[in-house]
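query33.cif, holding mmCIF, C-alpha atoms and all ligand atoms:
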```cif
data_start
loop_
_atom_site.label_atom_id
_atom_site.label_comp_id
_atom_site.auth_asym_id
_atom_site.auth_seq_id
_atom_site.Cartn_x
_atom_site.Cartn_y
_atom_site.Cartn_z
CA MET A 1 69.46 125.26 88.83
CA THR A 2 70.87 121.89 87.78
CA THR A 3 73.52 120.38 89.98
CA MET A 4 76.73 119.37 88.32
CA THR A 5 78.18 115.93 88.96
CA ASN A 6 81.86 116.09 89.86
CA ALA A 7 84.49 113.35 90.01
CA LEU A 8 85.98 113.51 93.50
CA ILE A 9 89.03 111.58 94.66
CA THR A 10 87.76 109.58 97.64
CA GLY A 11 90.43 106.89 97.93
CA TRP A 12 94.13 106.61 97.22
CA GLY A 13 96.85 104.01 97.56
CA MET A 14 100.33 103.08 96.45
CA TYR A 15 102.57 100.06 96.47
CA VAL A 16 106.26 99.61 95.82
CA PRO A 17 108.23 96.35 95.83
CA SER A 18 110.38 95.87 98.93
CA ARG A 19 113.63 95.33 97.02
CA ILE A 20 115.71 98.53 96.96
CA MET A 21 118.38 98.97 94.31
CA THR A 22 120.81 101.78 95.12
CA ASN A 23 123.02 103.71 92.73
CA GLN A 24 125.97 101.80 94.18
CA ASP A 25 124.23 98.54 93.26
CA ILE A 26 123.84 99.76 89.66
CA ALA A 27 127.51 100.80 89.59
CA THR A 28 128.36 97.11 89.92
CA LEU A 29 126.47 96.43 86.64
CA VAL A 30 127.43 99.37 84.40
CA ASP A 31 130.11 102.06 84.30
CA THR A 32 128.42 104.73 86.38
CA SER A 33 128.60 106.29 89.84
CA ASP A 34 126.32 107.49 92.61
CA GLU A 35 127.74 110.98 92.05
CA TRP A 36 126.86 110.97 88.30
CA ILE A 37 123.34 109.69 88.84
CA VAL A 38 122.53 111.99 91.78
CA SER A 39 123.96 115.13 90.13
CA ARG A 40 122.20 114.48 86.76
CA THR A 41 118.87 113.10 88.01
CA GLY A 42 118.47 113.40 91.79
CA ILE A 43 117.81 109.64 91.95
CA ARG A 44 119.46 107.73 94.84
CA GLU A 45 117.59 104.44 94.71
CA ARG A 46 114.67 102.70 93.04
CA ARG A 47 112.43 99.69 93.74
CA ILE A 48 112.65 96.51 91.71
CA ALA A 49 109.80 93.99 91.49
CA ALA A 50 110.41 90.52 92.94
CA ASP A 51 110.29 87.54 90.59
CA ASP A 52 106.72 86.73 91.58
CA GLU A 53 105.51 90.32 91.18
CA THR A 54 104.07 91.77 87.98
CA THR A 55 102.46 95.00 86.85
CA ALA A 56 99.05 93.56 87.74
CA THR A 57 100.08 92.47 91.25
CA LEU A 58 101.58 95.88 92.06
CA ALA A 59 98.44 97.58 90.71
CA THR A 60 96.19 95.31 92.74
CA HIS A 61 97.96 96.19 96.01
CA ALA A 62 97.65 99.92 95.35
CA SER A 63 94.02 99.55 94.25
CA ARG A 64 93.02 97.56 97.36
CA ASP A 65 94.33 100.40 99.50
CA ALA A 66 92.50 103.02 97.42
CA LEU A 67 89.24 101.10 97.81
CA ALA A 68 89.81 100.62 101.56
CA VAL A 69 90.40 104.34 102.06
CA ALA A 70 87.18 105.11 100.16
CA SER A 71 85.28 102.30 101.95
CA VAL A 72 84.12 100.98 98.58
CA ASP A 73 83.86 97.29 97.74
CA ALA A 74 85.53 95.98 94.59
CA ASN A 75 82.16 94.87 93.21
CA GLU A 76 80.94 98.50 93.36
CA VAL A 77 83.61 99.63 90.91
CA ASP A 78 82.11 100.49 87.48
CA LEU A 79 85.30 101.02 85.52
CA ILE A 80 89.04 100.43 85.88
CA ILE A 81 91.42 102.49 83.75
CA LEU A 82 95.03 101.41 84.06
CA GLY A 83 97.83 103.57 82.68
CA THR A 84 101.00 101.64 81.88
CA CYS A 85 103.61 101.05 79.20
CA SER A 86 104.92 97.87 80.86
CA PRO A 87 101.83 95.63 80.87
CA ASP A 88 101.81 91.99 81.99
CA TYR A 89 100.93 91.01 78.41
CA TYR A 90 100.22 92.84 75.14
CA MET A 91 96.90 91.08 75.34
CA PRO A 92 94.82 90.86 77.52
CA ALA A 93 94.82 94.26 79.17
CA THR A 94 96.47 94.35 82.59
CA ALA A 95 93.30 96.12 83.82
CA ALA A 96 91.41 92.85 83.24
CA LEU A 97 93.86 90.97 85.48
CA VAL A 98 93.49 93.63 88.17
CA ALA A 99 89.68 93.36 87.94
CA ARG A 100 90.04 89.60 88.41
CA ASP A 101 92.40 89.93 91.38
CA LEU A 102 90.29 92.59 93.08
CA GLY A 103 87.04 90.71 92.49
CA ALA A 104 85.69 93.73 90.59
CA THR A 105 83.09 91.62 88.85
CA ASN A 106 80.92 94.56 87.72
CA ALA A 107 83.68 96.67 86.26
CA ALA A 108 84.60 97.44 82.68
CA ALA A 109 88.39 97.56 82.44
CA PHE A 110 90.93 98.77 79.93
CA ASP A 111 94.55 99.88 79.70
CA LEU A 112 95.54 103.33 78.56
CA GLN A 113 98.90 103.88 76.91
CA ALA A 114 100.26 107.40 77.18
CA ALA A 115 103.59 106.36 78.75
CA CYS A 116 104.55 108.54 81.72
CA SER A 117 101.49 110.73 81.12
CA GLY A 118 99.23 107.67 81.44
CA PHE A 119 97.88 108.30 84.93
CA VAL A 120 96.90 111.91 84.29
CA TYR A 121 95.41 110.89 80.92
CA ALA A 122 93.46 108.17 82.75
CA MET A 123 92.23 110.61 85.40
CA ALA A 124 90.95 112.97 82.72
CA THR A 125 89.25 110.03 80.98
CA ALA A 126 87.62 108.95 84.25
CA ASN A 127 86.51 112.53 84.82
CA GLY A 128 84.75 112.49 81.45
CA PHE A 129 83.00 109.18 82.14
CA ILE A 130 81.80 110.39 85.54
CA ARG A 131 80.72 113.90 84.55
CA SER A 132 78.80 112.54 81.56
CA GLY A 133 76.85 110.27 83.92
CA MET A 134 78.10 107.02 82.39
CA TYR A 135 79.85 105.68 85.50
CA ARG A 136 79.93 106.57 89.20
CA ASN A 137 82.94 104.71 90.68
CA VAL A 138 86.09 104.67 88.58
CA LEU A 139 89.39 103.20 89.72
CA VAL A 140 92.33 104.98 88.09
CA ILE A 141 95.74 103.32 88.23
CA GLY A 142 99.26 104.26 87.16
CA VAL A 143 101.66 101.33 87.34
CA GLU A 144 104.93 100.11 85.86
CA VAL A 145 107.37 97.26 86.12
CA LEU A 146 109.88 98.87 83.77
CA SER A 147 112.74 96.90 85.33
CA ARG A 148 111.71 94.02 83.03
CA PHE A 149 112.02 96.27 79.97
CA LEU A 150 115.44 97.75 80.68
CA ASP A 151 118.76 96.83 79.17
CA TRP A 152 120.82 96.41 82.33
CA THR A 153 123.99 96.93 80.27
CA ASP A 154 122.87 100.38 78.99
CA ARG A 155 123.86 103.07 81.48
CA ASN A 156 121.92 105.70 79.52
CA THR A 157 118.61 104.16 80.56
CA CYS A 158 118.92 101.56 83.33
CA VAL A 159 119.86 104.12 86.00
CA LEU A 160 116.69 106.16 85.45
CA PHE A 161 113.68 103.91 85.99
CA GLY A 162 111.98 102.01 88.80
CA ASP A 163 108.88 99.94 89.60
CA GLY A 164 105.76 100.96 91.51
CA ALA A 165 102.03 101.56 91.48
CA GLY A 166 99.59 104.26 92.54
CA ALA A 167 95.80 104.34 92.37
CA VAL A 168 92.90 106.64 93.14
CA LEU A 169 89.17 106.03 93.29
CA MET A 170 87.17 108.77 91.60
CA GLN A 171 83.50 108.94 92.56
CA ALA A 172 80.52 110.86 91.23
CA ARG A 173 79.35 113.47 93.74
CA ASP A 174 76.99 116.43 93.52
CA GLU A 175 79.38 118.63 95.44
CA PRO A 176 82.19 120.89 94.27
CA GLY A 177 85.73 119.60 93.88
CA GLY A 178 87.65 117.06 91.86
CA MET A 179 89.18 117.88 88.51
CA THR A 180 88.45 121.50 87.67
CA GLY A 181 90.83 121.96 84.74
CA PHE A 182 93.08 119.91 82.51
CA GLN A 183 95.09 119.69 79.32
CA LEU A 184 95.97 116.55 77.37
CA TYR A 185 98.67 116.97 74.75
CA THR A 186 100.34 114.81 72.11
CA ASP A 187 103.03 115.59 69.56
CA GLY A 188 103.50 112.44 67.51
CA THR A 189 106.50 113.89 65.69
CA GLY A 190 108.45 112.97 68.83
CA TRP A 191 107.50 109.28 68.57
CA GLU A 192 111.11 108.06 68.43
CA GLY A 193 112.25 109.97 71.52
CA ILE A 194 111.40 107.17 73.96
CA ILE A 195 110.55 103.86 72.37
CA PHE A 196 110.51 100.07 72.53
CA PRO A 197 111.70 99.76 68.92
CA ALA A 198 110.69 96.13 68.40
CA GLY A 199 107.86 93.79 69.28
CA GLY A 200 105.00 95.69 67.64
CA SER A 201 103.52 95.53 64.15
CA ALA A 202 106.09 97.96 62.77
CA CYS A 203 108.96 95.71 63.80
CA PRO A 204 107.82 92.28 64.98
CA THR A 205 109.89 90.26 67.37
CA SER A 206 112.52 88.13 65.64
CA PRO A 207 115.80 86.58 66.70
CA GLN A 208 117.48 89.65 65.20
CA THR A 209 115.40 92.21 67.16
CA ILE A 210 116.11 90.29 70.33
CA ALA A 211 119.84 90.17 69.59
CA GLU A 212 119.74 93.94 69.00
CA GLY A 213 117.83 94.61 72.24
CA GLY A 214 114.87 96.08 70.38
CA HIS A 215 112.53 94.99 73.17
CA TYR A 216 114.21 97.35 75.67
CA VAL A 217 113.55 101.04 76.34
CA HIS A 218 115.57 103.28 74.04
CA MET A 219 115.75 106.99 74.75
CA ALA A 220 117.25 110.12 73.23
CA GLY A 221 117.87 111.59 76.70
CA LYS A 222 118.87 115.14 75.73
CA ASP A 223 115.97 115.65 73.28
CA VAL A 224 113.55 114.31 75.87
CA TYR A 225 114.99 116.60 78.51
CA ARG A 226 114.64 119.71 76.36
CA TYR A 227 111.13 118.90 75.17
CA ALA A 228 109.94 117.82 78.64
CA THR A 229 111.03 120.99 80.43
CA ARG A 230 109.26 123.21 77.88
CA GLN A 231 106.09 121.16 77.49
CA LEU A 232 105.57 120.45 81.21
CA ALA A 233 105.47 124.20 81.86
CA GLU A 234 103.12 124.86 78.93
CA SER A 235 100.74 122.08 79.93
CA ALA A 236 100.77 123.25 83.55
CA LEU A 237 99.79 126.76 82.48
CA ALA A 238 97.08 125.46 80.15
CA ALA A 239 95.45 123.35 82.88
CA VAL A 240 95.55 126.19 85.38
CA ARG A 241 93.97 128.52 82.80
CA ASP A 242 91.32 125.87 82.07
CA ALA A 243 90.46 125.83 85.78
CA GLY A 244 90.06 129.61 85.70
CA LEU A 245 92.97 130.03 88.10
CA THR A 246 96.48 131.45 88.19
CA MET A 247 99.66 129.76 89.47
CA ASP A 248 99.31 131.64 92.77
CA ASP A 249 96.09 129.71 93.45
CA ILE A 250 97.90 126.34 93.40
CA ASP A 251 98.75 124.90 96.82
CA GLN A 252 100.73 121.81 95.83
CA PHE A 253 102.54 120.78 92.65
CA VAL A 254 102.71 117.05 91.96
CA PHE A 255 104.93 116.56 88.92
CA HIS A 256 106.02 113.48 87.06
CA GLN A 257 109.12 112.35 88.96
CA ALA A 258 111.53 111.74 86.09
CA ASN A 259 114.40 113.86 87.11
CA LEU A 260 115.00 116.48 89.80
CA ARG A 261 116.63 118.86 87.31
CA ILE A 262 113.51 118.79 85.11
CA ILE A 263 111.26 119.41 88.14
CA GLU A 264 113.41 122.33 89.29
CA SER A 265 113.59 123.84 85.81
CA VAL A 266 109.81 123.69 85.38
CA GLY A 267 109.36 125.12 88.87
CA LYS A 268 111.59 128.03 87.95
CA GLN A 269 109.79 128.72 84.66
CA LEU A 270 106.47 128.81 86.49
CA GLY A 271 107.80 130.84 89.41
CA MET A 272 106.74 128.18 91.90
CA PRO A 273 108.35 128.10 95.34
CA MET A 274 110.05 124.70 95.73
CA GLU A 275 108.38 124.18 99.13
CA LYS A 276 105.10 123.74 97.22
CA VAL A 277 106.66 121.16 94.90
CA PHE A 278 106.52 117.57 96.11
CA VAL A 279 109.61 115.50 95.27
CA ASN A 280 110.23 111.79 95.90
CA VAL A 281 112.27 110.93 92.80
CA GLU A 282 115.30 110.24 95.02
CA LYS A 283 113.56 107.13 96.45
CA TYR A 284 111.88 105.65 93.40
CA GLY A 285 113.51 106.94 90.21
CA ASN A 286 111.25 107.42 87.21
CA THR A 287 108.28 105.10 87.70
CA SER A 288 106.63 106.43 84.53
CA ALA A 289 102.82 106.23 84.78
CA ALA A 290 103.08 105.40 88.50
CA SER A 291 105.07 108.46 89.46
CA VAL A 292 102.26 111.04 89.71
CA PRO A 293 99.88 108.90 91.82
CA MET A 294 102.76 107.71 94.04
CA ALA A 295 103.86 111.32 94.60
CA LEU A 296 100.24 112.33 95.29
CA VAL A 297 99.80 109.57 97.86
CA GLU A 298 103.07 110.42 99.62
CA ALA A 299 102.25 114.14 99.57
CA VAL A 300 98.93 113.38 101.31
CA ALA A 301 100.64 111.04 103.81
CA ALA A 302 103.26 113.70 104.55
CA GLY A 303 100.56 116.21 105.48
CA ARG A 304 101.28 118.39 102.45
CA ILE A 305 97.68 118.33 101.19
CA ALA A 306 94.60 119.53 103.08
CA VAL A 307 90.89 119.71 102.28
CA GLY A 308 90.26 122.58 99.87
CA ASP A 309 93.80 122.55 98.46
CA ARG A 310 94.25 122.89 94.73
CA ILE A 311 96.75 120.41 93.37
CA LEU A 312 98.41 120.70 89.98
CA MET A 313 99.52 117.36 88.51
CA VAL A 314 101.66 117.42 85.38
CA ALA A 315 103.33 114.62 83.44
CA PHE A 316 105.34 114.13 80.28
CA GLY A 317 106.22 110.97 78.41
CA ALA A 318 106.79 108.99 75.25
CA GLY A 319 104.73 109.98 72.23
CA PHE A 320 105.52 112.72 73.06
CA THR A 321 102.60 113.11 75.41
CA ALA A 322 101.93 115.53 78.21
CA ALA A 323 99.02 115.88 80.59
CA ALA A 324 98.12 118.32 83.32
CA ALA A 325 95.21 118.47 85.73
CA VAL A 326 94.06 120.77 88.50
CA VAL A 327 92.31 118.83 91.26
CA GLU A 328 90.54 120.35 94.24
CA TRP A 329 91.15 118.00 97.17
CA THR A 330 88.05 117.16 99.18
CA ALA A 331 88.91 114.02 101.18
CA ASP A 332 90.10 113.92 104.77
CA PRO A 333 93.79 112.93 104.49
CA GLU A 334 93.44 111.03 107.79
CA ARG A 335 91.11 108.51 106.13
CA ALA A 336 94.18 106.65 104.94
CA PHE A 337 95.20 106.03 108.53
CA LEU A 338 91.72 105.17 109.75
CA ALA A 339 91.15 102.41 107.24
CA PRO A 340 89.94 99.23 108.90
CA GLY A 341 92.41 96.70 110.26
CA GLU A 342 95.53 98.63 109.16
CA GLN A 343 94.77 97.34 105.68
CA THR A 344 96.53 100.15 103.96
CA ARG A 345 100.21 100.75 103.64
CA LEU A 346 99.60 104.48 103.62
CA GLY A 347 100.73 104.87 107.20
CA GLN A 348 104.21 103.89 106.16
CA PRO A 349 105.47 107.10 104.60
CA GLN A 350 104.05 109.01 107.55
CA ARG A 351 105.80 106.74 110.03
CA GLN A 352 109.03 106.99 108.11
CA LEU A 353 108.80 110.77 108.22
CA GLU A 354 108.22 110.65 111.97
CA GLU A 355 111.22 108.38 112.41
CA VAL A 356 113.37 110.76 110.40
CA SER A 357 112.27 113.80 112.37
CA ALA A 358 112.48 112.01 115.76
N1 LIG B 1 126.70 107.15 84.27
C1 LIG B 1 127.80 107.76 83.83
N2 LIG B 1 127.86 108.37 82.64
C2 LIG B 1 126.76 108.36 81.87
C3 LIG B 1 125.58 107.73 82.26
C4 LIG B 1 125.59 107.09 83.51
N3 LIG B 1 124.50 106.45 84.00
N4 LIG B 1 124.67 107.87 81.31
C5 LIG B 1 125.24 108.59 80.34
N5 LIG B 1 126.51 108.89 80.67
C6 LIG B 1 127.50 109.62 79.91
C7 LIG B 1 127.16 109.70 78.46
O1 LIG B 1 127.63 108.53 77.80
C8 LIG B 1 127.88 110.94 78.03
O2 LIG B 1 129.23 110.61 77.80
P1 LIG B 1 129.97 111.15 76.47
O3 LIG B 1 129.87 112.65 76.55
O4 LIG B 1 131.33 110.60 76.64
O5 LIG B 1 129.19 110.56 75.34
C9 LIG B 1 127.84 111.82 79.26
O6 LIG B 1 127.52 110.96 80.36
C10 LIG B 1 126.83 112.93 79.19
O7 LIG B 1 125.60 112.37 78.77
P2 LIG B 1 124.37 113.28 78.52
O8 LIG B 1 123.29 112.48 77.88
O9 LIG B 1 124.83 114.56 77.89
O10 LIG B 1 123.96 113.60 80.02
P3 LIG B 1 122.87 114.61 80.47
O11 LIG B 1 123.48 115.60 81.37
O12 LIG B 1 122.04 115.09 79.32
O13 LIG B 1 121.94 113.70 81.34
C11 LIG B 1 119.94 112.36 81.29
C12 LIG B 1 121.35 112.52 80.80
C13 LIG B 1 119.93 112.33 82.80
C14 LIG B 1 119.36 111.06 80.75
C15 LIG B 1 119.12 113.55 80.80
O14 LIG B 1 119.27 113.71 79.42
C16 LIG B 1 117.68 113.42 81.13
O15 LIG B 1 117.30 113.53 82.25
N6 LIG B 1 116.81 113.22 80.11
C17 LIG B 1 115.40 113.04 80.31
C18 LIG B 1 115.18 111.62 80.65
C19 LIG B 1 113.81 111.35 81.10
O16 LIG B 1 113.34 111.90 82.04
N7 LIG B 1 113.17 110.45 80.40
C20 LIG B 1 111.94 109.99 80.76
C21 LIG B 1 110.87 110.88 80.27
S1 LIG B 1 109.37 110.31 80.56
C22 LIG B 1 108.97 108.76 79.89
O17 LIG B 1 108.00 108.68 79.23
C23 LIG B 1 109.78 107.55 80.16
#
```

Represent the supplied structure as structure tokens.
Ligand code: ACO
Amino acid sequence: MTTMTNALITGWGMYVPSRIMTNQDIATLVDTSDEWIVSRTGIRERRIAADDETTATLATHASRDALAVASVDANEVDLIILGTCSPDYYMPATAALVARDLGATNAAAFDLQAACSGFVYAMATANGFIRSGMYRNVLVIGVEVLSRFLDWTDRNTCVLFGDGAGAVLMQARDEPGGMTGFQLYTDGTGWEGIIFPAGGSACPTSPQTIAEGGHYVHMAGKDVYRYATRQLAESALAAVRDAGLTMDDIDQFVFHQANLRIIESVGKQLGMPMEKVFVNVEKYGNTSAASVPMALVEAVAAGRIAVGDRILMVAFGAGFTAAAAVVEWTADPERAFLAPGEQTRLGQPQRQLEEVSA
């Protein structure tokens, strides 16, 4: 019997900027209110990158923690896949800057653009590289600094998004676990639903595009909402079927944190009890490609995920894209707290929870 190589998650990390922007803060910029934002989205606050922080610096912090948890040196990493739609530069890839900052001198590195679905797309890509035998240690990152791409005079968009980073290390192992089912989905007919209209080859930057704000996120909120709620549920079901499971077999749901109403609606369609659904959108807003790994990391830190648990991750984003993955968790959640020299920030959510419950 041949043994199958699996891609197990052995390290995880997240990083958010320290600056908190509350709904009240935003209400001083645009005509909105805490009540409107909370009732429509569930978001109470979001993190905003400091002037000296970029997408690459956030990603590097999260990645260092993921490597520390896995006890893997940066120079052992074979490949870095970084999901983002708010890169440091169009060129070079932000993944190259992260490789530089980590000292990952033996790693191939590229960015993957599937908007909010980017992290789950990147995980599935890493899974393919590992299971085919091409690479053994793959760092998968979801990161955004969307605050730099928002029109802070447009209340339709600026209230929704936030900055952050999450990362996992996926490693080749001859033992069961890791990604056991997935679905990647794209419907390009929805390309205009969420878009940076200018700055690409279709509409190059010009004084006029800048005057019109074409370099900012534009979104048809209602269309996105309708499409997202339907497609998230369909992708979730497809991934669970691909894993040979049913919804009842899933222990924890880690959804893209765009909007509490979307999460609840998908939960209802799938008949999932909300206590199995991890939610942190109230603290971070929609961090796009970073939201799934950040929610995963906080779910682990909060003691919501144990060895042997099956986790369903589902995301939806511009394109339209959607991605879902079933992952069997194999790592000791305590590893995050045992990392040498308190290098990781992963103790923080846990400590915060303890403070709240004390
Ligand atoms: N504060 C106060 N009023 C507002 C705000 C605001 N921040 N934003 C919009 N409004 C107003 C609108 O102007 C509108 O007023 P009008 O009727 O006078 O024109 C009214 O509120 C209702 O607006 P709707 O768009 O109908 O509000 P809705 O209940 O649909 O909620 C929302 C809007 C929250 C954006 C919703 O459509 C949504 O969640 N969409 C999905 C967004 C999303 O998750 N996008 C990301 C997807 S993933 C990615 O790849 C980025």

Compile the contact shell of range 128-144 of chain A as an MDAnalysis selection string: residues with an atom at most 7 Å away, counting all atoms listed in the file, same-chain residues fewer than 4 positions apart removed. chainID A and resid 5:7 55 59 77:86 118:119 122:124 163:172 287:290 293

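In terms of minimum interatomic distance to ligand LIG 1 (chain B), A:Arg155 ranks closest within A:His256, A:Arg46, A:Arg19, A:Arg155, counting only C-alpha atoms and all ligand atoms.
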
What is the CA of Pro273 in chain A-atom O15 of ligand LIG 1 (chain B) distance in Å, reported with one decimal? 21.5 Å

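The shortest atom-to-atom distance to ligand LIG 1 (chain B), with only C-alpha atoms and all ligand atoms taken into account, belongs to A:Asp31 out of A:Asp248, A:Asp111, A:Asp31, A:Glu45.
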
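Distance-wise, CA of Val72 in chain A and CA of Val120 in chain A end up 22.1 Å apart.
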
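Going from atom O6 of ligand LIG 1 (chain B) to CA of Asp154 in chain A covers 11.6 Å.
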
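The binding environment of ligand LIG 1 (chain B), defined as every protein, DNA or RNA residue with an atom no more than 7 Å away and counting all atoms listed in the file, comprises Asp31, Thr32, Ser33, Trp36, Ile37, Arg40, Thr41, Ala115, Cys116, Arg155, Asn156, Thr157, Val159, Ile194, Gly221, Lys222, Val224, Tyr225, Ala258, Asn259, Asn286, Ser288, Phe316, Gly317 and Ala318 of chain A.
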
Those selected residues, please, written with C-alpha atoms and delivered as a PDB file, in the frame of the given file.
```
ATOM      1  CA  ASP A  31     130.110 102.060  84.300  1.00  0.00           C
ATOM      2  CA  THR A  32     128.420 104.730  86.380  1.00  0.00           C
ATOM      3  CA  SER A  33     128.600 106.290  89.840  1.00  0.00           C
ATOM      4  CA  TRP A  36     126.860 110.970  88.300  1.00  0.00           C
ATOM      5  CA  ILE A  37     123.340 109.690  88.840  1.00  0.00           C
ATOM      6  CA  ARG A  40     122.200 114.480  86.760  1.00  0.00           C
ATOM      7  CA  THR A  41     118.870 113.100  88.010  1.00  0.00           C
ATOM      8  CA  ALA A 115     103.590 106.360  78.750  1.00  0.00           C
ATOM      9  CA  CYS A 116     104.550 108.540  81.720  1.00  0.00           C
ATOM     10  CA  ARG A 155     123.860 103.070  81.480  1.00  0.00           C
ATOM     11  CA  ASN A 156     121.920 105.700  79.520  1.00  0.00           C
ATOM     12  CA  THR A 157     118.610 104.160  80.560  1.00  0.00           C
ATOM     13  CA  VAL A 159     119.860 104.120  86.000  1.00  0.00           C
ATOM     14  CA  ILE A 194     111.400 107.170  73.960  1.00  0.00           C
ATOM     15  CA  GLY A 221     117.870 111.590  76.700  1.00  0.00           C
ATOM     16  CA  LYS A 222     118.870 115.140  75.730  1.00  0.00           C
ATOM     17  CA  VAL A 224     113.550 114.310  75.870  1.00  0.00           C
ATOM     18  CA  TYR A 225     114.990 116.600  78.510  1.00  0.00           C
ATOM     19  CA  ALA A 258     111.530 111.740  86.090  1.00  0.00           C
ATOM     20  CA  ASN A 259     114.400 113.860  87.110  1.00  0.00           C
ATOM     21  CA  ASN A 286     111.250 107.420  87.210  1.00  0.00           C
ATOM     22  CA  SER A 288     106.630 106.430  84.530  1.00  0.00           C
ATOM     23  CA  PHE A 316     105.340 114.130  80.280  1.00  0.00           C
ATOM     24  CA  GLY A 317     106.220 110.970  78.410  1.00  0.00           C
ATOM     25  CA  ALA A 318     106.790 108.990  75.250  1.00  0.00           C
TER      26      ALA A 318
END
```

Neighbour list for range 230-240 of chain A as a list in words, cut-off 8 Å, all atoms listed in the file, skip fewer than 3 positions in-chain: Gly181, Phe182, Gln183, Leu184, Tyr185, Arg226, Tyr227, Ala243, Gly244, Leu245, Thr246, Met247, Val266, Gln269, Leu270, Leu312, Met313, Val314, Ala315, Phe316, Ala322, Ala323, Ala324, Ala325 and Val326 of chain A

Deliver the residues from the most recent selection as a file, using C-alpha atoms, as a PDB file, in the coordinates of the input.
```
ATOM      1  CA  GLY A 181      90.830 121.960  84.740  1.00  0.00           C
ATOM      2  CA  PHE A 182      93.080 119.910  82.510  1.00  0.00           C
ATOM      3  CA  GLN A 183      95.090 119.690  79.320  1.00  0.00           C
ATOM      4  CA  LEU A 184      95.970 116.550  77.370  1.00  0.00           C
ATOM      5  CA  TYR A 185      98.670 116.970  74.750  1.00  0.00           C
ATOM      6  CA  ARG A 226     114.640 119.710  76.360  1.00  0.00           C
ATOM      7  CA  TYR A 227     111.130 118.900  75.170  1.00  0.00           C
ATOM      8  CA  ALA A 243      90.460 125.830  85.780  1.00  0.00           C
ATOM      9  CA  GLY A 244      90.060 129.610  85.700  1.00  0.00           C
ATOM     10  CA  LEU A 245      92.970 130.030  88.100  1.00  0.00           C
ATOM     11  CA  THR A 246      96.480 131.450  88.190  1.00  0.00           C
ATOM     12  CA  MET A 247      99.660 129.760  89.470  1.00  0.00           C
ATOM     13  CA  VAL A 266     109.810 123.690  85.380  1.00  0.00           C
ATOM     14  CA  GLN A 269     109.790 128.720  84.660  1.00  0.00           C
ATOM     15  CA  LEU A 270     106.470 128.810  86.490  1.00  0.00           C
ATOM     16  CA  LEU A 312      98.410 120.700  89.980  1.00  0.00           C
ATOM     17  CA  MET A 313      99.520 117.360  88.510  1.00  0.00           C
ATOM     18  CA  VAL A 314     101.660 117.420  85.380  1.00  0.00           C
ATOM     19  CA  ALA A 315     103.330 114.620  83.440  1.00  0.00           C
ATOM     20  CA  PHE A 316     105.340 114.130  80.280  1.00  0.00           C
ATOM     21  CA  ALA A 322     101.930 115.530  78.210  1.00  0.00           C
ATOM     22  CA  ALA A 323      99.020 115.880  80.590  1.00  0.00           C
ATOM     23  CA  ALA A 324      98.120 118.320  83.320  1.00  0.00           C
ATOM     24  CA  ALA A 325      95.210 118.470  85.730  1.00  0.00           C
ATOM     25  CA  VAL A 326      94.060 120.770  88.500  1.00  0.00           C
TER      26      VAL A 326
END
```

Which residue, A:Ala220, A:Ala95, A:Ala109, A:Ala336, has the smallest gap to Val297 in chain A when you use only C-alpha atoms? A:Ala336

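When only C-alpha atoms are used to measure the gap to Glu328 in chain A, the shortest distance among A:Leu112, A:Met274, A:Met4, A:Ile9 belongs to A:Ile9.
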
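Proximity ranking of A:Leu58, A:Val38, A:Leu8, A:Ala74 relative to Leu160 in chain A places A:Val38 first, based on all atoms listed in the file.
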
Excluding same-chain residues fewer than 4 positions from Ile43 in chain A, what lies within 6 Å of it counting all atoms listed in the file, as a count of residues only? 4

Shell around Gly188 in chain A at 9 Å using only C-alpha atoms, local window under 4 positions removed, as JSON, numbers by chain: {"A": [192, 319, 320, 321]}

Hey, can you pull every residue with an atom no more than 9 Å from (112.8, 99.1, 81.8), using all atoms listed in the file, and send it as a ChimeraX atom specification? /A:86,144-152,157-158,160-163,216-217

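Ranking A:Tyr15, A:Thr10, A:Asp34, A:Ile250 by their shortest atom-to-atom distance to Ala295 in chain A, with only C-alpha atoms included, puts A:Tyr15 first.
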
Hey, can I get the axis-aligned box for range 87-105 of chain A? All listed atoms, 5 Å padding on each side, centre and edge lengths in Å to one decimal, as JSON.
```
{"center_x": 92.5, "center_y": 92.9, "center_z": 84.1, "size_x": 28.7, "size_y": 16.5, "size_z": 27.9}
```

I'd like the contact shell of Glu275 in chain A - 10 Å cut-off, all atoms listed in the file, skipping same-chain residues fewer than 5 positions apart - returned as a ChimeraX atom specification. /A:251-253,304

Those selected residues, please, written with C-alpha atoms and delivered as a PDB file, in the frame of the given file.
```
ATOM      1  CA  ASP A 251      98.750 124.900  96.820  1.00  0.00           C
ATOM      2  CA  GLN A 252     100.730 121.810  95.830  1.00  0.00           C
ATOM      3  CA  PHE A 253     102.540 120.780  92.650  1.00  0.00           C
ATOM      4  CA  ARG A 304     101.280 118.390 102.450  1.00  0.00           C
TER       5      ARG A 304
END
```
